[in-house]
There are 2 protein chains.
Amino acid sequence: MTEPVRILAICGSLRAGSYNAAALRAIVALATEGVEMRTAGIGELPLFNADVEAAGLPPAVPALREALGWAEGVLFVSPEYNHSIPGVLKNAIEWGSRGPGDLFSGKAAAVTGASTGAMGSSRMQAHLRNCAVSLDLLLVNRPEVMIGRAQDKFDAQGVLTDEPTRVYLGKLVVALRDLALRLRPNP
Amino acid sequence: MTEPVRILAICGSLRAGSYNAAALRAIVALATEGVEMRTAGIGELPLFNADVEAAGLPPAVPALREALGWAEGVLFVSPEYNHSIPGVLKNAIEWGSRGPGDLFSGKAAAVTGASTGAMGSSRMQAHLRNCAVSLDLLLVNRPEVMIGRAQDKFDAQGVLTDEPTRVYLGKLVVALRDLALRLRPNP
């Protein structure tokens, strides 16, 4: 029997009422077959500083690195801030990328995001694809899932109410799972 | 007599021995005619979180916003992390962009950066130009200054020793000053 694919999901917004956190909850609730999903907390990370790294790491850093070490796939669910990746998420990427063991390298990944405008995080996603080259992440190309007009797709409690969005998010997780499976070494 | 152009310089690396911090010191030391330069500290900013913003800001945030309010031009001196803008710098941009008063909008800006490789921060600069659209910053186009192979251009004490680099940095500050002057309202 095939072991479930271990996916680490990272949310790029720290806001409690975030549409992206809500989208991530909806993804977890899908309980996609053959997937074991964990979420990473990135809100306690310090600002990246190689001097801090040399002096001794606060616990949030080894916790993130442990989670990345566990994962065979990474799922980014993030807003777009100022036409790019939120600093909060990029900071987490920095800490993860510096871990001993090249923690992102060769792994499968996927990206999605929600916004209240029409773009649905598309420019964030484009920049993240550039960063993925440096990280050596292999990103799912299809489907591309941008959740625009999020205020019409989640209710006031942050529950996803839009069925087409749920279907697309499901397809994205399946695509990530299947890419991770293809990347597994032959037994 | 023309008032000096008020430029706020922001370094994208927090490392004490950073080549970018060294480049910024070299720029300040140029004491370019007609320029008053301040530097912004961004290492004490919290990770951006709209909930923190709503609950009450730690002092580093109003300090950054005050400095941005003072400035008529912004100079970014930053490394490239994972093919993009350091999370640390992007986080500062987020806090600045959310200030009341649209603190970047309509201002002149310039970007440069140092790296130990050949690229000299070029991909960071490209992404920052994308963000500048959102911020409504008007970025200097010429010269483009990428400081590649920084280890050959600064000494062990972080003093810029490469004369062509000093000349380029001077031209960049002059271009930023002149763009800011063109953007001043007619008296």
# chains A, B, ... in the order shown; residues from 1 in each chain; ligands from 1
call {"tool": "residues_around", "arguments": {"residues": "Val52 in chain B", "least_positions_apart": "4", "cutoff": "12 Å", "atoms": "only C-alpha atoms", "output": "NGL selection string"}}
result
(:A and (14-16 or 43)) or (:B and (45-48 or 56-58 or 61 or 95))
call {"tool": "write_last_selection", "arguments": {"atoms": "N, CA and C atoms", "output": "mmCIF file, in the first residue's frame"}}
result
data_model
loop_
_atom_site.group_PDB
_atom_site.id
_atom_site.type_symbol
_atom_site.label_atom_id
_atom_site.label_comp_id
_atom_site.auth_asym_id
_atom_site.auth_seq_id
_atom_site.Cartn_x
_atom_site.Cartn_y
_atom_site.Cartn_z
ATOM 1 N N LEU A 14 -0.838 36.412 8.382
ATOM 2 C CA LEU A 14 -0.931 36.150 9.819
ATOM 3 C C LEU A 14 -2.258 36.611 10.416
ATOM 4 N N ARG A 15 -3.069 37.282 9.634
ATOM 5 C CA ARG A 15 -4.314 37.849 10.142
ATOM 6 C C ARG A 15 -5.284 36.716 10.486
ATOM 7 N N ALA A 16 -5.901 36.818 11.661
ATOM 8 C CA ALA A 16 -6.805 35.736 12.095
ATOM 9 C C ALA A 16 -7.952 35.549 11.102
ATOM 10 N N GLY A 43 4.470 32.756 12.067
ATOM 11 C CA GLY A 43 4.293 34.063 12.702
ATOM 12 C C GLY A 43 5.244 34.334 13.854
ATOM 13 N N LEU B 45 11.101 45.951 13.231
ATOM 14 C CA LEU B 45 9.691 45.843 12.826
ATOM 15 C C LEU B 45 9.161 44.450 13.145
ATOM 16 N N PRO B 46 7.907 44.368 13.580
ATOM 17 C CA PRO B 46 7.302 43.031 13.694
ATOM 18 C C PRO B 46 6.976 42.491 12.313
ATOM 19 N N LEU B 47 6.693 41.201 12.228
ATOM 20 C CA LEU B 47 6.158 40.653 10.986
ATOM 21 C C LEU B 47 4.811 41.317 10.718
ATOM 22 N N PHE B 48 4.583 41.685 9.461
ATOM 23 C CA PHE B 48 3.345 42.401 9.153
ATOM 24 C C PHE B 48 2.117 41.547 9.454
ATOM 25 N N GLY B 56 -2.645 48.140 17.807
ATOM 26 C CA GLY B 56 -1.712 49.137 18.335
ATOM 27 C C GLY B 56 -0.309 48.804 17.876
ATOM 28 N N LEU B 57 0.373 49.804 17.354
ATOM 29 C CA LEU B 57 1.626 49.548 16.654
ATOM 30 C C LEU B 57 2.831 49.606 17.571
ATOM 31 N N PRO B 58 3.761 48.654 17.460
ATOM 32 C CA PRO B 58 5.045 48.799 18.138
ATOM 33 C C PRO B 58 5.798 50.006 17.551
ATOM 34 N N VAL B 61 7.187 50.857 13.896
ATOM 35 C CA VAL B 61 6.326 51.119 12.741
ATOM 36 C C VAL B 61 6.096 52.629 12.549
ATOM 37 N N TRP B 95 4.740 47.461 5.870
ATOM 38 C CA TRP B 95 4.395 48.399 6.946
ATOM 39 C C TRP B 95 4.343 49.831 6.424
#
call {"tool": "residues_around", "arguments": {"residues": "range 104-111 of chain B", "least_positions_apart": "3", "cutoff": "9 Å", "atoms": "only C-alpha atoms", "output": "CSV table (one decimal) with N, CA and C atoms, in the first residue's frame"}}
result
chain,number,residue,atom,x,y,z
B,7,ILE,N,16.3,62.2,1.2
B,7,ILE,CA,16.3,60.8,0.7
B,7,ILE,C,16.4,59.9,1.9
B,68,LEU,N,9.4,57.9,6.3
B,68,LEU,CA,8.9,57.9,4.9
B,68,LEU,C,8.1,59.2,4.6
B,69,GLY,N,7.4,59.7,5.6
B,69,GLY,CA,6.7,60.9,5.5
B,69,GLY,C,7.6,62.1,5.2
B,71,ALA,N,10.6,61.9,3.8
B,71,ALA,CA,11.4,61.7,2.5
B,71,ALA,C,10.6,62.1,1.3
B,72,GLU,N,11.4,62.6,0.4
B,72,GLU,CA,10.9,62.8,-1.0
B,72,GLU,C,11.5,61.8,-2.0
B,73,GLY,N,12.4,61.1,-1.5
B,73,GLY,CA,13.0,60.0,-2.4
B,73,GLY,C,13.4,58.8,-1.5
B,74,VAL,N,13.3,57.6,-2.0
B,74,VAL,CA,13.7,56.4,-1.3
B,74,VAL,C,14.8,55.7,-2.0
B,75,LEU,N,15.8,55.3,-1.3
B,75,LEU,CA,16.9,54.5,-1.9
B,75,LEU,C,17.0,53.1,-1.3
B,76,PHE,N,16.7,52.1,-2.0
B,76,PHE,CA,16.8,50.7,-1.5
B,76,PHE,C,18.2,50.1,-1.9
B,77,VAL,N,18.9,49.6,-0.9
B,77,VAL,CA,20.2,49.0,-1.0
B,77,VAL,C,20.0,47.6,-0.4
B,78,SER,N,20.0,46.6,-1.3
B,78,SER,CA,19.5,45.3,-0.7
B,78,SER,C,20.1,44.1,-1.5
B,96,GLY,N,5.3,50.2,5.6
B,96,GLY,CA,5.3,51.5,5.0
B,96,GLY,C,4.1,51.8,4.1
B,97,SER,N,3.7,50.8,3.4
B,97,SER,CA,2.7,51.0,2.4
B,97,SER,C,1.3,51.1,3.0
B,101,GLY,N,-1.8,58.1,4.5
B,101,GLY,CA,-1.1,59.1,3.7
B,101,GLY,C,-0.4,58.5,2.5
B,125,GLN,N,16.1,43.4,-7.9
B,125,GLN,CA,15.7,44.7,-8.5
B,125,GLN,C,14.5,44.6,-9.4
B,128,LEU,N,11.5,44.3,-7.3
B,128,LEU,CA,11.2,45.6,-6.6
B,128,LEU,C,10.5,46.5,-7.6
B,129,ARG,N,10.9,46.5,-8.8
B,129,ARG,CA,10.3,47.4,-9.8
B,129,ARG,C,8.8,47.0,-10.0
B,132,ALA,N,7.0,48.4,-7.1
B,132,ALA,CA,6.9,49.9,-7.2
B,132,ALA,C,5.7,50.4,-7.9
B,134,SER,N,2.7,49.0,-7.4
B,134,SER,CA,1.7,49.0,-6.3
B,134,SER,C,1.9,50.2,-5.4
B,135,LEU,N,3.2,50.5,-5.1
B,135,LEU,CA,3.5,51.6,-4.2
B,135,LEU,C,3.4,52.9,-4.8
B,136,ASP,N,3.4,53.0,-6.2
B,136,ASP,CA,3.4,54.2,-6.9
B,136,ASP,C,4.7,55.0,-6.7
B,137,LEU,N,5.8,54.3,-6.6
B,137,LEU,CA,7.1,54.9,-6.6
B,137,LEU,C,7.6,55.1,-8.1
B,138,LEU,N,8.3,56.2,-8.3
B,138,LEU,CA,8.8,56.4,-9.6
B,138,LEU,C,10.3,56.1,-9.6
B,139,LEU,N,10.7,55.0,-10.1
B,139,LEU,CA,12.1,54.5,-10.0
B,139,LEU,C,13.0,55.0,-11.1
B,140,VAL,N,14.2,55.4,-10.6
B,140,VAL,CA,15.3,55.8,-11.6
B,140,VAL,C,15.5,54.6,-12.5
B,141,ASN,N,15.6,54.8,-13.8
B,141,ASN,CA,15.9,53.7,-14.7
B,141,ASN,C,17.4,53.6,-15.0
B,144,GLU,N,21.5,51.5,-14.0
B,144,GLU,CA,21.2,50.3,-13.2
B,144,GLU,C,22.5,49.9,-12.5
B,145,VAL,N,22.5,49.8,-11.2
B,145,VAL,CA,23.8,49.5,-10.5
B,145,VAL,C,23.6,48.2,-9.8
B,172,LEU,N,24.1,57.1,-9.3
B,172,LEU,CA,22.7,56.7,-9.0
B,172,LEU,C,22.1,57.7,-8.0
B,173,VAL,N,22.8,58.1,-7.0
B,173,VAL,CA,22.3,59.1,-6.1
B,173,VAL,C,21.9,60.4,-6.8
B,175,ALA,N,21.1,60.7,-9.9
B,175,ALA,CA,19.9,60.5,-10.7
B,175,ALA,C,18.7,60.5,-9.9
B,176,LEU,N,18.8,60.0,-8.7
B,176,LEU,CA,17.6,60.0,-7.7
B,176,LEU,C,17.3,61.4,-7.3
B,177,ARG,N,18.4,62.1,-6.9
B,177,ARG,CA,18.2,63.5,-6.5
B,177,ARG,C,17.5,64.3,-7.7
B,179,LEU,N,15.7,63.3,-10.2
B,179,LEU,CA,14.3,62.9,-10.5
B,179,LEU,C,13.4,63.5,-9.4
B,180,ALA,N,13.9,63.4,-8.1
B,180,ALA,CA,13.1,64.0,-7.0
B,180,ALA,C,12.9,65.5,-7.3
B,181,LEU,N,13.9,66.2,-7.8
B,181,LEU,CA,13.8,67.6,-8.0
B,181,LEU,C,12.7,67.8,-9.2
B,183,LEU,N,10.3,66.1,-9.8
B,183,LEU,CA,8.9,65.8,-9.3
B,183,LEU,C,8.4,66.8,-8.3
call {"tool": "select_by_dssp", "arguments": {"residues": "range 8-129 of chain B", "states": "helix (DSSP H, G or I)", "output": "PyMOL selection string"}}
result
chain B and resi 19-30+50-55+60-70+87-97+122-129
call {"tool": "write_last_selection", "arguments": {"atoms": "N, CA and C atoms", "output": "CSV table (one decimal), in the first residue's frame"}}
result
chain,number,residue,atom,x,y,z
B,19,TYR,N,27.5,43.3,3.0
B,19,TYR,CA,28.0,44.1,1.9
B,19,TYR,C,27.1,45.2,1.5
B,20,ASN,N,25.8,45.0,1.7
B,20,ASN,CA,24.8,46.0,1.3
B,20,ASN,C,24.8,47.1,2.4
B,21,ALA,N,25.0,46.8,3.6
B,21,ALA,CA,25.1,47.8,4.6
B,21,ALA,C,26.4,48.6,4.4
B,22,ALA,N,27.4,47.9,3.9
B,22,ALA,CA,28.7,48.6,3.6
B,22,ALA,C,28.5,49.5,2.4
B,23,ALA,N,27.8,49.1,1.4
B,23,ALA,CA,27.5,49.9,0.2
B,23,ALA,C,26.7,51.1,0.6
B,24,LEU,N,25.8,51.0,1.6
B,24,LEU,CA,25.0,52.1,2.0
B,24,LEU,C,25.9,53.1,2.7
B,25,ARG,N,26.8,52.6,3.6
B,25,ARG,CA,27.7,53.5,4.2
B,25,ARG,C,28.5,54.3,3.2
B,26,ALA,N,29.0,53.6,2.2
B,26,ALA,CA,29.8,54.3,1.1
B,26,ALA,C,28.9,55.3,0.4
B,27,ILE,N,27.7,55.1,0.2
B,27,ILE,CA,26.8,56.1,-0.4
B,27,ILE,C,26.6,57.3,0.5
B,28,VAL,N,26.4,57.0,1.8
B,28,VAL,CA,26.3,58.2,2.7
B,28,VAL,C,27.5,59.0,2.7
B,29,ALA,N,28.7,58.3,2.7
B,29,ALA,CA,30.0,59.0,2.7
B,29,ALA,C,30.2,59.9,1.5
B,30,LEU,N,29.5,59.6,0.4
B,30,LEU,CA,29.7,60.4,-0.8
B,30,LEU,C,29.2,61.9,-0.5
B,50,ALA,N,-2.2,42.5,9.9
B,50,ALA,CA,-3.2,43.6,10.0
B,50,ALA,C,-3.9,43.6,11.4
B,51,ASP,N,-3.8,42.4,12.1
B,51,ASP,CA,-4.4,42.4,13.4
B,51,ASP,C,-3.5,43.2,14.4
B,52,VAL,N,-2.2,43.1,14.3
B,52,VAL,CA,-1.3,43.9,15.1
B,52,VAL,C,-1.5,45.4,14.8
B,53,GLU,N,-1.7,45.7,13.5
B,53,GLU,CA,-1.9,47.1,13.1
B,53,GLU,C,-3.2,47.6,13.8
B,54,ALA,N,-4.2,46.8,13.9
B,54,ALA,CA,-5.5,47.2,14.4
B,54,ALA,C,-5.3,47.4,16.0
B,55,ALA,N,-4.5,46.5,16.6
B,55,ALA,CA,-4.4,46.5,18.0
B,55,ALA,C,-3.5,47.5,18.6
B,60,ALA,N,8.6,50.8,16.3
B,60,ALA,CA,9.3,50.8,15.0
B,60,ALA,C,8.5,51.1,13.8
B,61,VAL,N,7.2,50.9,13.9
B,61,VAL,CA,6.3,51.1,12.7
B,61,VAL,C,6.1,52.6,12.5
B,62,PRO,N,5.6,53.3,13.6
B,62,PRO,CA,5.5,54.8,13.4
B,62,PRO,C,6.8,55.5,13.1
B,63,ALA,N,7.9,54.9,13.6
B,63,ALA,CA,9.3,55.5,13.3
B,63,ALA,C,9.5,55.4,11.8
B,64,LEU,N,9.3,54.2,11.2
B,64,LEU,CA,9.5,54.1,9.8
B,64,LEU,C,8.5,55.0,9.0
B,65,ARG,N,7.3,55.0,9.4
B,65,ARG,CA,6.3,55.9,8.7
B,65,ARG,C,6.7,57.3,8.8
B,66,GLU,N,7.2,57.8,9.9
B,66,GLU,CA,7.6,59.2,10.1
B,66,GLU,C,8.7,59.5,9.1
B,67,ALA,N,9.7,58.5,9.0
B,67,ALA,CA,10.8,58.7,8.1
B,67,ALA,C,10.4,58.8,6.6
B,68,LEU,N,9.4,57.9,6.3
B,68,LEU,CA,8.9,57.9,4.9
B,68,LEU,C,8.1,59.2,4.6
B,69,GLY,N,7.4,59.7,5.6
B,69,GLY,CA,6.7,60.9,5.5
B,69,GLY,C,7.6,62.1,5.2
B,70,TRP,N,8.8,62.1,5.9
B,70,TRP,CA,9.8,63.1,5.7
B,70,TRP,C,10.4,63.1,4.3
B,87,GLY,N,12.7,38.9,2.6
B,87,GLY,CA,11.5,39.1,3.3
B,87,GLY,C,11.6,40.3,4.3
B,88,VAL,N,12.7,40.5,4.9
B,88,VAL,CA,13.0,41.6,5.8
B,88,VAL,C,12.6,42.9,5.1
B,89,LEU,N,13.1,43.1,3.9
B,89,LEU,CA,12.8,44.4,3.2
B,89,LEU,C,11.3,44.5,2.8
B,90,LYS,N,10.8,43.3,2.3
B,90,LYS,CA,9.4,43.3,1.8
B,90,LYS,C,8.5,43.6,3.0
B,91,ASN,N,8.9,43.1,4.2
B,91,ASN,CA,8.1,43.3,5.4
B,91,ASN,C,8.0,44.8,5.7
B,92,ALA,N,9.2,45.5,5.6
B,92,ALA,CA,9.2,46.9,5.8
B,92,ALA,C,8.4,47.7,4.8
B,93,ILE,N,8.4,47.2,3.6
B,93,ILE,CA,7.6,47.8,2.5
B,93,ILE,C,6.1,47.7,2.9
B,94,GLU,N,5.7,46.5,3.4
B,94,GLU,CA,4.3,46.3,3.8
B,94,GLU,C,3.9,47.4,4.8
B,95,TRP,N,4.7,47.5,5.9
B,95,TRP,CA,4.4,48.4,6.9
B,95,TRP,C,4.3,49.8,6.4
B,96,GLY,N,5.3,50.2,5.6
B,96,GLY,CA,5.3,51.5,5.0
B,96,GLY,C,4.1,51.8,4.1
B,97,SER,N,3.7,50.8,3.4
B,97,SER,CA,2.7,51.0,2.4
B,97,SER,C,1.3,51.1,3.0
B,122,SER,N,20.3,41.5,-9.3
B,122,SER,CA,19.4,42.0,-10.5
B,122,SER,C,18.0,41.5,-10.4
B,123,ARG,N,17.8,40.3,-9.9
B,123,ARG,CA,16.5,39.7,-9.9
B,123,ARG,C,15.7,40.4,-8.7
B,124,MET,N,16.3,40.7,-7.6
B,124,MET,CA,15.7,41.5,-6.5
B,124,MET,C,15.2,42.8,-7.1
B,125,GLN,N,16.1,43.4,-7.9
B,125,GLN,CA,15.7,44.7,-8.5
B,125,GLN,C,14.5,44.6,-9.4
B,126,ALA,N,14.5,43.6,-10.2
B,126,ALA,CA,13.3,43.4,-11.1
B,126,ALA,C,12.0,43.3,-10.3
B,127,HIS,N,12.1,42.5,-9.3
B,127,HIS,CA,10.9,42.3,-8.5
B,127,HIS,C,10.5,43.6,-7.7
B,128,LEU,N,11.5,44.3,-7.3
B,128,LEU,CA,11.2,45.6,-6.6
B,128,LEU,C,10.5,46.5,-7.6
B,129,ARG,N,10.9,46.5,-8.8
B,129,ARG,CA,10.3,47.4,-9.8
B,129,ARG,C,8.8,47.0,-10.0
call {"tool": "select_by_dssp", "arguments": {"residues": "range 1-108 of chain A", "states": "strand (DSSP E)", "output": "number ranges by chain"}}
result
A: 5-11, 35-40, 73-77, 108
call {"tool": "write_last_selection", "arguments": {"atoms": "all heavy atoms", "output": "compact mmCIF listing (two decimals), in the first residue's frame"}}
result
# COMPACT_ATOMS: atom_id res chain seq x y z
N VAL A 5 1.17 10.91 0.91
CA VAL A 5 2.13 11.97 0.58
C VAL A 5 2.10 13.02 1.69
O VAL A 5 1.04 13.52 2.06
CB VAL A 5 1.76 12.61 -0.78
CG1 VAL A 5 2.60 13.87 -1.02
CG2 VAL A 5 1.97 11.61 -1.91
N ARG A 6 3.27 13.35 2.19
CA ARG A 6 3.39 14.28 3.31
C ARG A 6 3.51 15.72 2.78
O ARG A 6 4.53 16.09 2.19
CB ARG A 6 4.61 13.94 4.15
CG ARG A 6 4.58 12.52 4.75
CD ARG A 6 5.82 12.22 5.57
NE ARG A 6 7.05 12.37 4.78
CZ ARG A 6 7.54 11.45 3.95
NH1 ARG A 6 6.91 10.31 3.76
NH2 ARG A 6 8.66 11.68 3.29
N ILE A 7 2.45 16.49 3.01
CA ILE A 7 2.42 17.87 2.48
C ILE A 7 2.42 18.86 3.63
O ILE A 7 1.60 18.77 4.56
CB ILE A 7 1.18 18.08 1.60
CG1 ILE A 7 1.29 17.20 0.34
CG2 ILE A 7 1.02 19.55 1.23
CD1 ILE A 7 0.09 17.28 -0.58
N LEU A 8 3.33 19.82 3.55
CA LEU A 8 3.35 20.91 4.52
C LEU A 8 2.71 22.14 3.88
O LEU A 8 3.15 22.60 2.83
CB LEU A 8 4.79 21.25 4.92
CG LEU A 8 4.91 22.31 6.01
CD1 LEU A 8 4.39 21.78 7.35
CD2 LEU A 8 6.34 22.81 6.16
N ALA A 9 1.65 22.65 4.51
CA ALA A 9 0.95 23.83 3.99
C ALA A 9 1.35 25.06 4.79
O ALA A 9 1.43 25.02 6.02
CB ALA A 9 -0.56 23.61 4.09
N ILE A 10 1.65 26.12 4.07
CA ILE A 10 2.11 27.36 4.69
C ILE A 10 1.22 28.50 4.24
O ILE A 10 1.04 28.72 3.04
CB ILE A 10 3.58 27.66 4.29
CG1 ILE A 10 4.49 26.49 4.66
CG2 ILE A 10 4.06 28.96 4.95
CD1 ILE A 10 5.95 26.68 4.25
N CYS A 11 0.67 29.24 5.21
CA CYS A 11 -0.18 30.38 4.89
C CYS A 11 0.63 31.67 4.96
O CYS A 11 1.35 31.90 5.92
CB CYS A 11 -1.35 30.44 5.87
SG CYS A 11 -2.47 31.84 5.54
N VAL A 35 -3.17 11.76 1.13
CA VAL A 35 -2.41 12.94 1.55
C VAL A 35 -2.43 13.05 3.07
O VAL A 35 -3.49 12.93 3.69
CB VAL A 35 -3.01 14.23 0.94
CG1 VAL A 35 -2.40 15.48 1.61
CG2 VAL A 35 -2.79 14.27 -0.56
N GLU A 36 -1.27 13.26 3.65
CA GLU A 36 -1.18 13.63 5.06
C GLU A 36 -0.71 15.08 5.10
O GLU A 36 0.37 15.40 4.59
CB GLU A 36 -0.19 12.71 5.79
CG GLU A 36 -0.10 13.01 7.27
CD GLU A 36 0.91 12.13 8.00
OE1 GLU A 36 1.42 11.15 7.39
OE2 GLU A 36 1.21 12.45 9.16
N MET A 37 -1.53 15.95 5.66
CA MET A 37 -1.19 17.38 5.59
C MET A 37 -0.92 17.95 6.97
O MET A 37 -1.64 17.69 7.92
CB MET A 37 -2.34 18.15 4.92
CG MET A 37 -1.93 19.56 4.52
SD MET A 37 -3.17 20.40 3.49
CE MET A 37 -3.09 19.47 1.97
N ARG A 38 0.16 18.72 7.06
CA ARG A 38 0.44 19.52 8.26
C ARG A 38 0.50 20.98 7.85
O ARG A 38 0.77 21.29 6.69
CB ARG A 38 1.81 19.13 8.87
CG ARG A 38 1.81 17.82 9.62
CD ARG A 38 3.22 17.37 10.00
NE ARG A 38 3.96 18.32 10.84
CZ ARG A 38 5.20 18.13 11.28
NH1 ARG A 38 5.85 17.00 10.97
NH2 ARG A 38 5.82 19.03 12.03
N THR A 39 0.25 21.86 8.80
CA THR A 39 0.40 23.29 8.51
C THR A 39 1.56 23.82 9.35
O THR A 39 1.81 23.37 10.47
CB THR A 39 -0.88 24.08 8.83
OG1 THR A 39 -1.24 23.85 10.18
CG2 THR A 39 -2.02 23.65 7.92
N ALA A 40 2.28 24.78 8.77
CA ALA A 40 3.44 25.37 9.43
C ALA A 40 3.07 26.74 9.98
O ALA A 40 2.42 27.53 9.30
CB ALA A 40 4.59 25.51 8.45
N GLY A 73 6.15 17.47 -0.01
CA GLY A 73 5.50 18.47 -0.85
C GLY A 73 5.18 19.70 -0.02
O GLY A 73 4.94 19.59 1.19
N VAL A 74 5.19 20.87 -0.65
CA VAL A 74 4.90 22.11 0.06
C VAL A 74 3.77 22.83 -0.67
O VAL A 74 3.79 22.94 -1.90
CB VAL A 74 6.15 23.04 0.13
CG1 VAL A 74 5.84 24.32 0.91
CG2 VAL A 74 7.33 22.30 0.75
N LEU A 75 2.79 23.29 0.09
CA LEU A 75 1.66 24.02 -0.48
C LEU A 75 1.64 25.43 0.10
O LEU A 75 1.49 25.60 1.31
CB LEU A 75 0.35 23.29 -0.14
CG LEU A 75 -0.94 23.99 -0.55
CD1 LEU A 75 -1.03 24.17 -2.06
CD2 LEU A 75 -2.16 23.21 -0.03
N PHE A 76 1.80 26.41 -0.76
CA PHE A 76 1.75 27.81 -0.32
C PHE A 76 0.35 28.37 -0.59
O PHE A 76 -0.15 28.28 -1.72
CB PHE A 76 2.77 28.66 -1.08
CG PHE A 76 4.20 28.23 -0.89
CD1 PHE A 76 4.85 27.44 -1.84
CD2 PHE A 76 4.91 28.61 0.24
CE1 PHE A 76 6.17 27.05 -1.68
CE2 PHE A 76 6.24 28.22 0.41
CZ PHE A 76 6.87 27.44 -0.55
N VAL A 77 -0.25 28.95 0.43
CA VAL A 77 -1.56 29.59 0.29
C VAL A 77 -1.38 31.01 0.82
O VAL A 77 -1.23 31.22 2.01
CB VAL A 77 -2.64 28.85 1.10
CG1 VAL A 77 -4.01 29.46 0.85
CG2 VAL A 77 -2.65 27.36 0.77
N ALA A 108 8.16 18.55 -4.50
CA ALA A 108 6.99 19.08 -5.21
C ALA A 108 6.40 20.24 -4.43
O ALA A 108 6.53 20.30 -3.20
CB ALA A 108 5.95 17.99 -5.37
call {"tool": "closest_residue", "arguments": {"among": "B:Ser84, B:Thr112, B:Thr165, B:Thr2", "to": "chain A", "atoms": "only C-alpha atoms"}}
result
B:Ser84
call {"tool": "closest_residue", "arguments": {"among": "A:Leu160, A:Ala150, A:Leu103, A:Ile42", "to": "chain B", "atoms": "only C-alpha atoms"}}
result
A:Ile42
call {"tool": "residues_around", "arguments": {"residues": "Gly120 in chain B", "least_positions_apart": "6", "cutoff": "9 Å", "atoms": "only C-alpha atoms", "output": "number ranges by chain"}}
result
B: 79-80, 112-114, 145-150
call {"tool": "atom_distance", "arguments": {"atom1": "CA of Asp155 in chain A", "atom2": "CA of Ser121 in chain A"}}
result
19.6 Å
call {"tool": "closest_residue", "arguments": {"among": "B:Asp178, B:Glu163, B:Asp102, B:Glu44", "to": "chain A", "atoms": "only C-alpha atoms"}}
result
B:Glu44
call {"tool": "closest_residue", "arguments": {"among": "A:Val133, A:Val167, A:Ala156, A:Val174", "to": "chain B", "atoms": "only C-alpha atoms"}}
result
A:Val133
call {"tool": "closest_residue", "arguments": {"among": "A:Thr161, A:Ser115, A:Ser18, A:Asn82", "to": "chain B", "atoms": "only C-alpha atoms"}}
result
A:Asn82
call {"tool": "atom_distance", "arguments": {"atom1": "CA of Tyr168 in chain A", "atom2": "CA of Gly34 in chain A"}}
result
17.5 Å
call {"tool": "closest_residue", "arguments": {"among": "B:Pro59, B:Pro143, B:Pro86, B:Gly117", "to": "chain A", "atoms": "only C-alpha atoms"}}
result
B:Pro86
